$ cat data-v2.cif   # mmCIF, C-alpha atoms
data_upload
#
loop_
_atom_site.label_atom_id
_atom_site.label_comp_id
_atom_site.auth_asym_id
_atom_site.auth_seq_id
_atom_site.Cartn_x
_atom_site.Cartn_y
_atom_site.Cartn_z
CA MET J 126 44.09 -13.58 10.68
CA LYS J 127 43.41 -9.90 11.09
CA THR J 128 45.47 -7.25 9.32
CA LEU J 129 46.77 -4.21 11.19
CA ASP J 130 44.31 -2.05 9.25
CA GLU J 131 41.40 -4.28 10.30
CA ILE J 132 42.51 -4.22 13.93
CA ILE J 133 42.85 -0.42 13.94
CA LYS J 134 39.60 0.10 12.05
CA ASN J 135 37.52 -2.30 14.15
CA ARG J 136 38.73 -1.32 17.63
CA ARG J 137 35.96 0.35 19.63
CA SER J 138 35.70 1.86 23.08
CA THR J 139 33.76 -0.97 24.72
CA ARG J 140 31.44 0.17 27.51
CA SER J 141 29.29 -2.94 27.91
CA TYR J 142 30.74 -6.30 28.91
CA LYS J 143 29.70 -9.93 29.20
CA THR J 144 30.32 -11.56 32.56
CA ALA J 145 32.65 -14.15 30.96
CA PRO J 146 36.16 -13.99 32.45
CA VAL J 147 39.19 -13.23 30.26
CA GLU J 148 41.64 -16.07 29.68
CA LYS J 149 44.97 -15.43 31.40
CA GLU J 150 46.80 -16.58 28.26
CA LYS J 151 45.21 -13.73 26.32
CA ILE J 152 46.11 -11.16 28.95
CA MET J 153 49.69 -12.42 28.86
CA GLN J 154 49.81 -11.88 25.10
CA MET J 155 48.51 -8.34 25.57
CA LEU J 156 51.14 -7.60 28.22
CA GLU J 157 53.85 -9.03 25.98
CA ALA J 158 52.79 -6.64 23.20
CA ALA J 159 53.01 -3.74 25.66
CA ARG J 160 56.36 -4.94 26.97
CA LEU J 161 57.96 -4.62 23.52
CA ALA J 162 56.89 -0.99 23.09
CA PRO J 163 59.53 1.68 22.44
CA SER J 164 60.06 4.49 24.96
CA ALA J 165 62.25 7.57 25.35
CA CYS J 166 65.73 6.51 26.49
CA ASN J 167 64.26 2.98 26.58
CA ALA J 168 63.06 3.89 30.08
CA GLN J 169 59.97 1.63 29.90
CA PRO J 170 58.33 3.70 32.63
CA TRP J 171 55.16 1.60 32.77
CA LYS J 172 53.53 -0.70 35.32
CA PHE J 173 50.41 -2.65 34.47
CA ILE J 174 48.35 -3.80 37.45
CA VAL J 175 45.83 -6.34 36.14
CA VAL J 176 42.95 -6.32 38.62
CA GLU J 177 40.62 -9.31 38.24
CA THR J 178 39.86 -10.52 41.78
CA PRO J 179 36.19 -9.53 42.19
CA GLU J 180 36.67 -7.95 45.60
CA LEU J 181 39.63 -5.78 44.57
CA LYS J 182 38.12 -4.96 41.21
CA ASN J 183 34.91 -3.81 42.88
CA GLY J 184 36.99 -1.75 45.30
CA VAL J 185 38.79 -0.02 42.43
CA PHE J 186 35.43 0.61 40.78
CA LYS J 187 33.59 1.84 43.87
CA GLU J 188 36.32 4.01 45.34
CA GLY J 189 38.09 5.05 42.17
CA LEU J 190 35.46 5.27 39.46
CA ASN J 191 31.99 5.52 40.88
CA ASN J 192 30.42 8.76 42.15
CA LEU J 193 32.38 10.92 39.72
CA VAL J 194 31.04 13.78 37.62
CA VAL J 195 31.53 11.69 34.50
CA PRO J 196 29.43 8.52 34.64
CA ASN J 197 31.63 5.42 34.57
CA LYS J 198 29.00 3.02 35.92
CA TRP J 199 29.45 0.65 32.99
CA ALA J 200 33.03 0.02 34.12
CA GLY J 201 31.70 -1.98 37.07
CA ASP J 202 30.68 -4.76 34.69
CA ALA J 203 34.11 -5.25 33.13
CA PRO J 204 35.64 -8.53 34.37
CA VAL J 205 39.13 -6.95 34.36
CA ILE J 206 40.39 -3.44 35.07
CA ILE J 207 44.01 -2.73 34.15
CA VAL J 208 45.47 0.07 36.25
CA VAL J 209 48.26 1.71 34.26
CA CYS J 210 50.90 3.49 36.32
CA SER J 211 54.06 5.39 35.53
CA GLN J 212 57.19 5.13 37.58
CA THR J 213 59.60 7.84 36.50
CA LYS J 214 62.74 7.33 38.45
CA PHE J 215 65.16 7.67 35.57
CA PHE J 216 67.51 10.57 35.92
CA VAL J 217 68.34 11.36 32.27
CA HIS J 218 64.71 10.89 31.33
CA ASN J 219 63.64 13.42 33.97
CA ILE J 220 66.18 16.04 32.95
CA ALA J 221 65.17 15.64 29.32
CA GLU J 222 61.52 16.16 30.24
CA LYS J 223 62.33 19.34 32.11
CA ILE J 224 64.45 20.75 29.27
CA GLN J 225 61.96 19.88 26.55
CA ASP J 226 58.84 20.64 28.58
CA VAL J 227 57.29 17.39 27.33
CA ASP J 228 56.26 14.54 29.62
CA TYR J 229 57.80 11.80 27.50
CA HIS J 230 56.64 9.19 29.94
CA LEU J 231 53.02 9.93 29.01
CA ILE J 232 53.74 9.57 25.30
CA ASP J 233 55.53 6.33 26.19
CA LEU J 234 52.53 5.15 28.18
CA GLY J 235 50.20 5.89 25.29
CA ILE J 236 52.40 3.83 22.97
CA ALA J 237 52.57 0.82 25.30
CA CYS J 238 48.87 0.95 26.21
CA GLU J 239 47.92 1.00 22.56
CA HIS J 240 50.02 -2.10 21.86
CA LEU J 241 47.99 -3.78 24.59
CA VAL J 242 44.67 -2.45 23.27
CA LEU J 243 45.38 -3.45 19.65
CA LYS J 244 46.40 -6.91 20.77
CA ALA J 245 43.15 -7.21 22.75
CA GLU J 246 41.18 -6.27 19.64
CA GLU J 247 43.03 -8.91 17.64
CA LEU J 248 42.11 -11.48 20.30
CA GLY J 249 38.44 -10.56 20.11
CA LEU J 250 38.42 -8.61 23.38
CA GLY J 251 36.95 -5.20 24.10
CA THR J 252 38.75 -2.41 25.95
CA CYS J 253 38.11 1.17 26.98
CA TYR J 254 40.53 3.81 28.19
CA ILE J 255 39.35 5.69 31.28
CA GLY J 256 40.85 9.06 32.13
CA TRP J 257 38.51 10.10 34.95
CA PHE J 258 39.28 8.34 38.19
CA ARG J 259 40.52 8.85 41.74
CA GLY J 260 44.16 7.86 41.54
CA LYS J 261 44.96 8.17 45.23
CA GLU J 262 42.03 5.98 46.26
CA ILE J 263 43.02 3.36 43.68
CA LYS J 264 46.62 3.37 44.91
CA LYS J 265 45.39 2.88 48.48
CA ILE J 266 43.13 -0.05 47.61
CA LEU J 267 45.88 -1.78 45.64
CA ASN J 268 48.54 -0.80 48.15
CA LEU J 269 50.82 0.53 45.40
CA PRO J 270 54.25 2.05 46.15
CA SER J 271 54.37 5.83 46.53
CA SER J 272 56.61 6.08 43.45
CA TYR J 273 53.73 4.85 41.26
CA LYS J 274 51.31 7.30 39.68
CA VAL J 275 48.04 6.05 38.20
CA GLU J 276 47.88 7.59 34.72
CA CYS J 277 44.94 5.78 33.15
CA LEU J 278 42.74 2.72 33.47
CA ILE J 279 41.80 0.23 30.77
CA THR J 280 38.70 -1.92 31.17
CA LEU J 281 38.88 -5.35 29.54
CA GLY J 282 36.44 -8.10 28.69
CA TYR J 283 34.22 -9.57 26.00
CA ALA J 284 31.92 -6.98 24.49
CA LYS J 285 28.21 -7.53 25.06
CA ASP J 286 27.34 -5.52 21.97
CA SER J 287 29.32 -6.76 18.99
CA ASP J 288 28.20 -3.92 16.76
CA ILE J 289 29.35 -0.69 18.41
CA LYS J 290 29.25 2.20 15.97
CA PRO J 291 32.53 3.94 15.20
CA THR J 292 33.13 7.37 16.71
CA PRO J 293 33.53 10.02 13.99
CA ARG J 294 37.04 11.25 13.23
CA LYS J 295 38.37 14.46 11.73
CA ALA J 296 39.17 14.40 8.03
CA LEU J 297 42.77 13.71 7.05
CA GLU J 298 43.16 17.27 5.75
CA GLU J 299 42.38 18.56 9.23
CA ILE J 300 45.09 16.62 10.98
CA ALA J 301 47.88 16.37 8.43
CA GLU J 302 49.71 18.49 5.92
CA PHE J 303 52.66 18.03 3.61
CA ARG J 304 55.46 20.55 3.43
CA MET Q 82 51.00 -10.40 5.28
CA LYS Q 83 52.48 -9.46 8.64
CA THR Q 84 50.72 -10.26 11.91
CA LEU Q 85 50.41 -7.65 14.65
CA ASP Q 86 52.91 -9.63 16.72
CA GLU Q 87 55.43 -9.61 13.88
CA ILE Q 88 54.98 -5.88 13.33
CA ILE Q 89 55.43 -5.11 17.03
CA LYS Q 90 58.35 -7.50 17.40
CA ASN Q 91 60.23 -6.34 14.30
CA ARG Q 92 59.84 -2.57 14.70
CA ARG Q 93 63.17 -0.90 15.40
CA SER Q 94 64.31 2.64 16.07
CA THR Q 95 65.88 3.29 12.66
CA ARG Q 96 68.80 5.72 12.77
CA SER Q 97 70.31 5.10 9.34
CA TYR Q 98 68.39 5.75 6.13
CA LYS Q 99 68.71 5.17 2.41
CA THR Q 100 68.32 8.24 0.21
CA ALA Q 101 65.30 6.69 -1.54
CA PRO Q 102 62.18 8.86 -1.12
CA VAL Q 103 59.05 7.50 0.57
CA GLU Q 104 56.01 6.94 -1.63
CA LYS Q 105 53.22 9.38 -0.82
CA GLU Q 106 50.69 6.53 -0.95
CA LYS Q 107 52.49 4.85 1.96
CA ILE Q 108 52.58 8.05 4.00
CA MET Q 109 48.85 8.47 3.40
CA GLN Q 110 48.23 4.96 4.75
CA MET Q 111 50.28 5.79 7.85
CA LEU Q 112 48.34 9.00 8.41
CA GLU Q 113 45.06 7.14 7.97
CA ALA Q 114 46.11 4.68 10.70
CA ALA Q 115 46.89 7.62 13.00
CA ARG Q 116 43.64 9.36 12.11
CA LEU Q 117 41.59 6.43 13.44
CA ALA Q 118 43.29 6.45 16.85
CA PRO Q 119 41.17 6.84 19.98
CA SER Q 120 41.65 9.88 22.23
CA ALA Q 121 40.24 11.25 25.48
CA CYS Q 122 36.84 12.88 24.79
CA ASN Q 123 37.57 12.02 21.13
CA ALA Q 124 39.50 15.30 21.06
CA GLN Q 125 41.98 14.09 18.39
CA PRO Q 126 44.44 16.77 19.53
CA TRP Q 127 47.09 15.87 16.93
CA LYS Q 128 48.61 17.58 13.92
CA PHE Q 129 51.09 15.76 11.70
CA ILE Q 130 53.34 18.00 9.60
CA VAL Q 131 55.03 15.76 7.05
CA VAL Q 132 58.22 17.58 6.03
CA GLU Q 133 59.79 16.19 2.85
CA THR Q 134 60.86 19.21 0.78
CA PRO Q 135 64.67 19.04 1.04
CA GLU Q 136 65.09 22.72 1.90
CA LEU Q 137 62.51 22.72 4.71
CA LYS Q 138 63.58 19.33 5.99
CA ASN Q 139 67.19 20.50 6.19
CA GLY Q 140 66.00 23.62 8.00
CA VAL Q 141 64.15 21.53 10.59
CA PHE Q 142 67.24 19.37 10.98
CA LYS Q 143 69.77 22.20 11.20
CA GLU Q 144 67.82 24.55 13.43
CA GLY Q 145 65.81 22.06 15.42
CA LEU Q 146 67.94 18.96 15.75
CA ASN Q 147 71.59 19.66 15.10
CA ASN Q 148 73.94 21.15 17.71
CA LEU Q 149 72.09 19.59 20.61
CA VAL Q 150 73.61 17.82 23.61
CA VAL Q 151 72.20 14.53 22.35
CA PRO Q 152 73.61 13.65 18.92
CA ASN Q 153 70.85 13.48 16.32
CA LYS Q 154 73.14 13.83 13.28
CA TRP Q 155 71.75 10.67 11.73
CA ALA Q 156 68.34 12.37 11.45
CA GLY Q 157 69.71 14.59 8.67
CA ASP Q 158 69.73 11.57 6.34
CA ALA Q 159 66.06 10.68 6.79
CA PRO Q 160 64.12 11.59 3.63
CA VAL Q 161 61.08 12.58 5.72
CA ILE Q 162 60.67 14.16 9.15
CA ILE Q 163 57.19 14.15 10.64
CA VAL Q 164 56.70 16.96 13.11
CA VAL Q 165 54.02 15.92 15.58
CA CYS Q 166 52.18 18.76 17.29
CA SER Q 167 49.38 18.98 19.81
CA GLN Q 168 46.67 21.54 19.65
CA THR Q 169 44.71 21.50 22.88
CA LYS Q 170 41.90 23.93 22.51
CA PHE Q 171 39.17 21.69 23.86
CA PHE Q 172 37.53 23.02 26.95
CA VAL Q 173 36.26 19.84 28.63
CA HIS Q 174 39.51 18.11 27.79
CA ASN Q 175 41.50 20.89 29.49
CA ILE Q 176 39.39 20.88 32.66
CA ALA Q 177 39.69 17.11 32.87
CA GLU Q 178 43.47 17.36 32.58
CA LYS Q 179 43.64 19.90 35.38
CA ILE Q 180 41.42 17.85 37.69
CA GLN Q 181 43.22 14.58 37.02
CA ASP Q 182 46.71 16.04 36.77
CA VAL Q 183 47.35 13.93 33.67
CA ASP Q 184 48.14 15.40 30.26
CA TYR Q 185 45.75 13.19 28.36
CA HIS Q 186 46.74 14.82 25.12
CA LEU Q 187 50.24 13.33 25.43
CA ILE Q 188 48.84 9.83 26.01
CA ASP Q 189 46.60 10.47 22.98
CA LEU Q 190 49.59 11.56 20.93
CA GLY Q 191 51.51 8.44 21.88
CA ILE Q 192 48.59 6.28 20.76
CA ALA Q 193 48.19 8.01 17.39
CA CYS Q 194 51.93 8.16 16.71
CA GLU Q 195 52.25 4.45 17.39
CA HIS Q 196 49.48 3.65 14.90
CA LEU Q 197 51.56 5.56 12.36
CA VAL Q 198 54.81 3.86 13.38
CA LEU Q 199 53.32 0.34 13.31
CA LYS Q 200 51.81 0.99 9.90
CA ALA Q 201 55.22 2.18 8.65
CA GLU Q 202 56.80 -1.03 9.91
CA GLU Q 203 54.14 -3.07 8.11
CA LEU Q 204 54.93 -1.16 4.90
CA GLY Q 205 58.63 -1.93 5.21
CA LEU Q 206 59.59 1.57 6.39
CA GLY Q 207 61.84 2.58 9.27
CA THR Q 208 60.97 5.23 11.85
CA CYS Q 209 62.49 6.75 14.95
CA TYR Q 210 60.90 8.88 17.63
CA ILE Q 211 62.93 11.95 18.58
CA GLY Q 212 62.31 13.67 21.89
CA TRP Q 213 65.25 16.09 21.91
CA PHE Q 214 64.67 19.07 19.61
CA ARG Q 215 64.18 22.82 19.56
CA GLY Q 216 60.43 23.19 19.24
CA LYS Q 217 60.32 26.96 18.88
CA GLU Q 218 62.88 26.96 16.07
CA ILE Q 219 60.97 24.21 14.27
CA LYS Q 220 57.70 26.14 14.60
CA LYS Q 221 59.38 29.22 13.16
CA ILE Q 222 60.82 27.39 10.16
CA LEU Q 223 57.49 25.75 9.37
CA ASN Q 224 55.54 28.89 10.22
CA LEU Q 225 53.16 26.94 12.46
CA PRO Q 226 50.29 28.63 14.33
CA SER Q 227 51.00 29.73 17.90
CA SER Q 228 48.38 27.25 19.19
CA TYR Q 229 50.54 24.34 18.01
CA LYS Q 230 53.11 22.75 20.29
CA VAL Q 231 55.77 20.45 18.88
CA GLU Q 232 55.66 17.33 21.08
CA CYS Q 233 57.86 14.89 19.19
CA LEU Q 234 59.41 14.21 15.80
CA ILE Q 235 59.36 10.97 13.85
CA THR Q 236 61.97 10.34 11.18
CA LEU Q 237 60.83 8.19 8.27
CA GLY Q 238 62.50 6.36 5.41
CA TYR Q 239 63.89 3.06 4.19
CA ALA Q 240 66.38 1.61 6.63
CA LYS Q 241 69.95 1.32 5.35
CA ASP Q 242 70.67 -1.45 7.81
CA SER Q 243 68.03 -4.16 7.63
CA ASP Q 244 69.33 -6.00 10.65
CA ILE Q 245 69.14 -3.59 13.59
CA LYS Q 246 69.44 -5.43 16.88
CA PRO Q 247 66.48 -5.21 19.26
CA THR Q 248 66.87 -3.02 22.34
CA PRO Q 249 66.56 -5.06 25.53
CA ARG Q 250 63.30 -4.87 27.46
CA LYS Q 251 62.42 -5.46 31.09
CA ALA Q 252 61.01 -8.86 31.98
CA LEU Q 253 57.25 -9.20 32.12
CA GLU Q 254 57.39 -9.71 35.89
CA GLU Q 255 58.97 -6.28 36.24
CA ILE Q 256 56.25 -4.39 34.46
CA ALA Q 257 53.09 -6.33 35.23
CA GLU Q 258 51.34 -7.99 38.13
CA PHE Q 259 48.01 -9.70 38.67
CA ARG Q 260 45.79 -8.82 41.60
#
$ encode --input "data-v2.cif" --output "structure tokens"
Amino acid sequence: MKTLDEIIKNRRSTRSYKTAPVEKEKIMQMLEAARLAPSACNAQPWKFIVVETPELKNGVFKEGLNNLVVPNKWAGDAPVIIVVCSQTKFFVHNIAEKIQDVDYHLIDLGIACEHLVLKAEELGLGTCYIGWFRGKEIKKILNLPSSYKVECLITLGYAKDSDIKPTPRKALEEIAEFR
Amino acid sequence: MKTLDEIIKNRRSTRSYKTAPVEKEKIMQMLEAARLAPSACNAQPWKFIVVETPELKNGVFKEGLNNLVVPNKWAGDAPVIIVVCSQTKFFVHNIAEKIQDVDYHLIDLGIACEHLVLKAEELGLGTCYIGWFRGKEIKKILNLPSSYKVECLITLGYAKDSDIKPTPRKALEEIAEFR
């Protein structure tokens, strides 16, 4: 069994995938972890569209990820692309965001996505957040409701390279202080 | 040892705290978990101000949390308040946000905060995200640089009530679909 520290420490942004499909049972466990995430006003403003049909997945890749300034070519090899959308239709939530000038729903999305990503790591799966994409094209291909907004993508699959080096992080003194 | 599932399942928004202080060693472990979080362009746009000195903490509470529309009175009893700020001074990061119309730094903050919150839960500590606060007043009290923006607060301490009921969540079918 992996400890939380091990899971957090060993997670990598995986940009090279084996062709092996991902077991549905594992994806369900990841979604369950995301489902339990906390959110402002318990709004749960998230929608996870798990795209695994080759044709649709290739459409999302070709129209939504390829031919961008930032090279995302590797994403075409991932057997699964999870399209993460927000749906902010909650009145109190919206007023609060306006008053505070903070998009809570994005903090909420980060929380839920990371539950999913940590669970994937525990299950031996690789993931990578993608922030550069064409949201409108992806919505069109997946025929998503107009109330949905694509906020990020997460690629998912078994890592080809099991020894990805960690990305450097700032020192603790740079990001935290005690008062 | 707690599994990731147990940690995620048992985490609660803790709104009632014992007066017992929180061991610095535990806070350091929480910060280390947050430090390792992934972020767009590895920008790590987070700053965690751990406020535990009674005078300052009461100042943050009185000026930043009390007398709001939403009652946060319970937060005055938390022995620690973590003020989570963003500092977005990264050029590429900013351009990307403008192009994509997504505030990545808030997704990043959600990810890092949740590492911290899950680690707290593993260590037997209670936390609660707070989204309603007076950011400018809090910045003034803590004398934070103008480049910092207070994005959320996290209260921290030992829960008085060890049996907080879980908040209901949407069914999996409501938040996820396979394509």
$ closest_residue --input "data-v2.cif" --among "J:Lys182, J:Arg160, J:Lys198, J:Lys172" --to "Ala237 in chain J" --atoms "only C-alpha atoms"
J:Arg160
$ resolve_selection --input "data-v2.cif" --expression "the PyMOL selection byres ((chain Q and resi 187) around 10)" --output "short mmCIF file (atom, residue, chain, number, x, y, z; two decimals) with C-alpha atoms, in the frame of the given file"
data_model
loop_
_atom_site.label_atom_id
_atom_site.label_comp_id
_atom_site.auth_asym_id
_atom_site.auth_seq_id
_atom_site.Cartn_x
_atom_site.Cartn_y
_atom_site.Cartn_z
CA VAL J 227 57.29 17.39 27.33
CA ASP J 228 56.26 14.54 29.62
CA TYR J 229 57.80 11.80 27.50
CA HIS J 230 56.64 9.19 29.94
CA LEU J 231 53.02 9.93 29.01
CA ILE J 232 53.74 9.57 25.30
CA ASP J 233 55.53 6.33 26.19
CA LEU J 234 52.53 5.15 28.18
CA GLY J 235 50.20 5.89 25.29
CA SER Q 120 41.65 9.88 22.23
CA PRO Q 126 44.44 16.77 19.53
CA TRP Q 127 47.09 15.87 16.93
CA CYS Q 166 52.18 18.76 17.29
CA SER Q 167 49.38 18.98 19.81
CA VAL Q 183 47.35 13.93 33.67
CA ASP Q 184 48.14 15.40 30.26
CA TYR Q 185 45.75 13.19 28.36
CA HIS Q 186 46.74 14.82 25.12
CA ILE Q 188 48.84 9.83 26.01
CA ASP Q 189 46.60 10.47 22.98
CA LEU Q 190 49.59 11.56 20.93
CA GLY Q 191 51.51 8.44 21.88
CA ILE Q 192 48.59 6.28 20.76
CA ALA Q 193 48.19 8.01 17.39
CA GLU Q 232 55.66 17.33 21.08
CA CYS Q 233 57.86 14.89 19.19
#
$ closest_residue --input "data-v2.cif" --among "Q:Met82, Q:Glu254, Q:Pro119, Q:Ile211" --to "Cys238 in chain J" --atoms "only C-alpha atoms"
Q:Pro119
$ interface_residues --input "data-v2.cif" --of "chain J" --to "chain Q" --cutoff "8 Å" --atoms "only C-alpha atoms" --output "VMD selection string"
chain J and resid 126 to 130 133 to 134 156 to 158 160 to 162 165 167 169 171 to 178 181 221 225 227 to 229 231 to 236 238 to 240 244 254 256 to 259 276 292 294 to 297 299 to 304
$ residues_near_point --input "data-v2.cif" --point "(69.9, 13.9, 14.7)" --cutoff "10 Å" --atoms "only C-alpha atoms" --output "PyMOL selection string"
chain Q and resi 96+142-143+145-149+151-159+211+213-214+236
$ atom_distance --input "data-v2.cif" --atom1 "CA of Lys107 in chain Q" --atom2 "CA of Lys241 in chain Q"
18.1 Å
$ atom_distance --input "data-v2.cif" --atom1 "CA of Glu262 in chain J" --atom2 "CA of Lys143 in chain J"
26.4 Å
$ atom_distance --input "data-v2.cif" --atom1 "CA of Leu241 in chain J" --atom2 "CA of Glu106 in chain Q"
27.7 Å
$ resolve_selection --input "data-v2.cif" --expression "the PyMOL selection byres ((chain Q and resi 103) around 8)" --output "list in words"
Ala101, Pro102, Glu104, Lys105, Lys107, Ile108, Pro160, Val161, Leu237, Gly238 and Tyr239 of chain Q
$ write_last_selection --input "data-v2.cif" --atoms "C-alpha atoms" --output "mmCIF file, keeping the file's coordinate frame"
data_model
loop_
_atom_site.group_PDB
_atom_site.id
_atom_site.type_symbol
_atom_site.label_atom_id
_atom_site.label_comp_id
_atom_site.auth_asym_id
_atom_site.auth_seq_id
_atom_site.Cartn_x
_atom_site.Cartn_y
_atom_site.Cartn_z
ATOM 1 C CA ALA Q 101 65.300 6.690 -1.540
ATOM 2 C CA PRO Q 102 62.180 8.860 -1.120
ATOM 3 C CA GLU Q 104 56.010 6.940 -1.630
ATOM 4 C CA LYS Q 105 53.220 9.380 -0.820
ATOM 5 C CA LYS Q 107 52.490 4.850 1.960
ATOM 6 C CA ILE Q 108 52.580 8.050 4.000
ATOM 7 C CA PRO Q 160 64.120 11.590 3.630
ATOM 8 C CA VAL Q 161 61.080 12.580 5.720
ATOM 9 C CA LEU Q 237 60.830 8.190 8.270
ATOM 10 C CA GLY Q 238 62.500 6.360 5.410
ATOM 11 C CA TYR Q 239 63.890 3.060 4.190
#
$ axis_aligned_box --input "data-v2.cif" --around "range 99-106 of chain Q" --padding-each-side "5 Å" --output "lines of an AutoDock Vina configuration file"
center_x = 59.7
center_y = 7.3
center_z = 0.4
size_x = 28.0
size_y = 14.2
size_z = 14.0
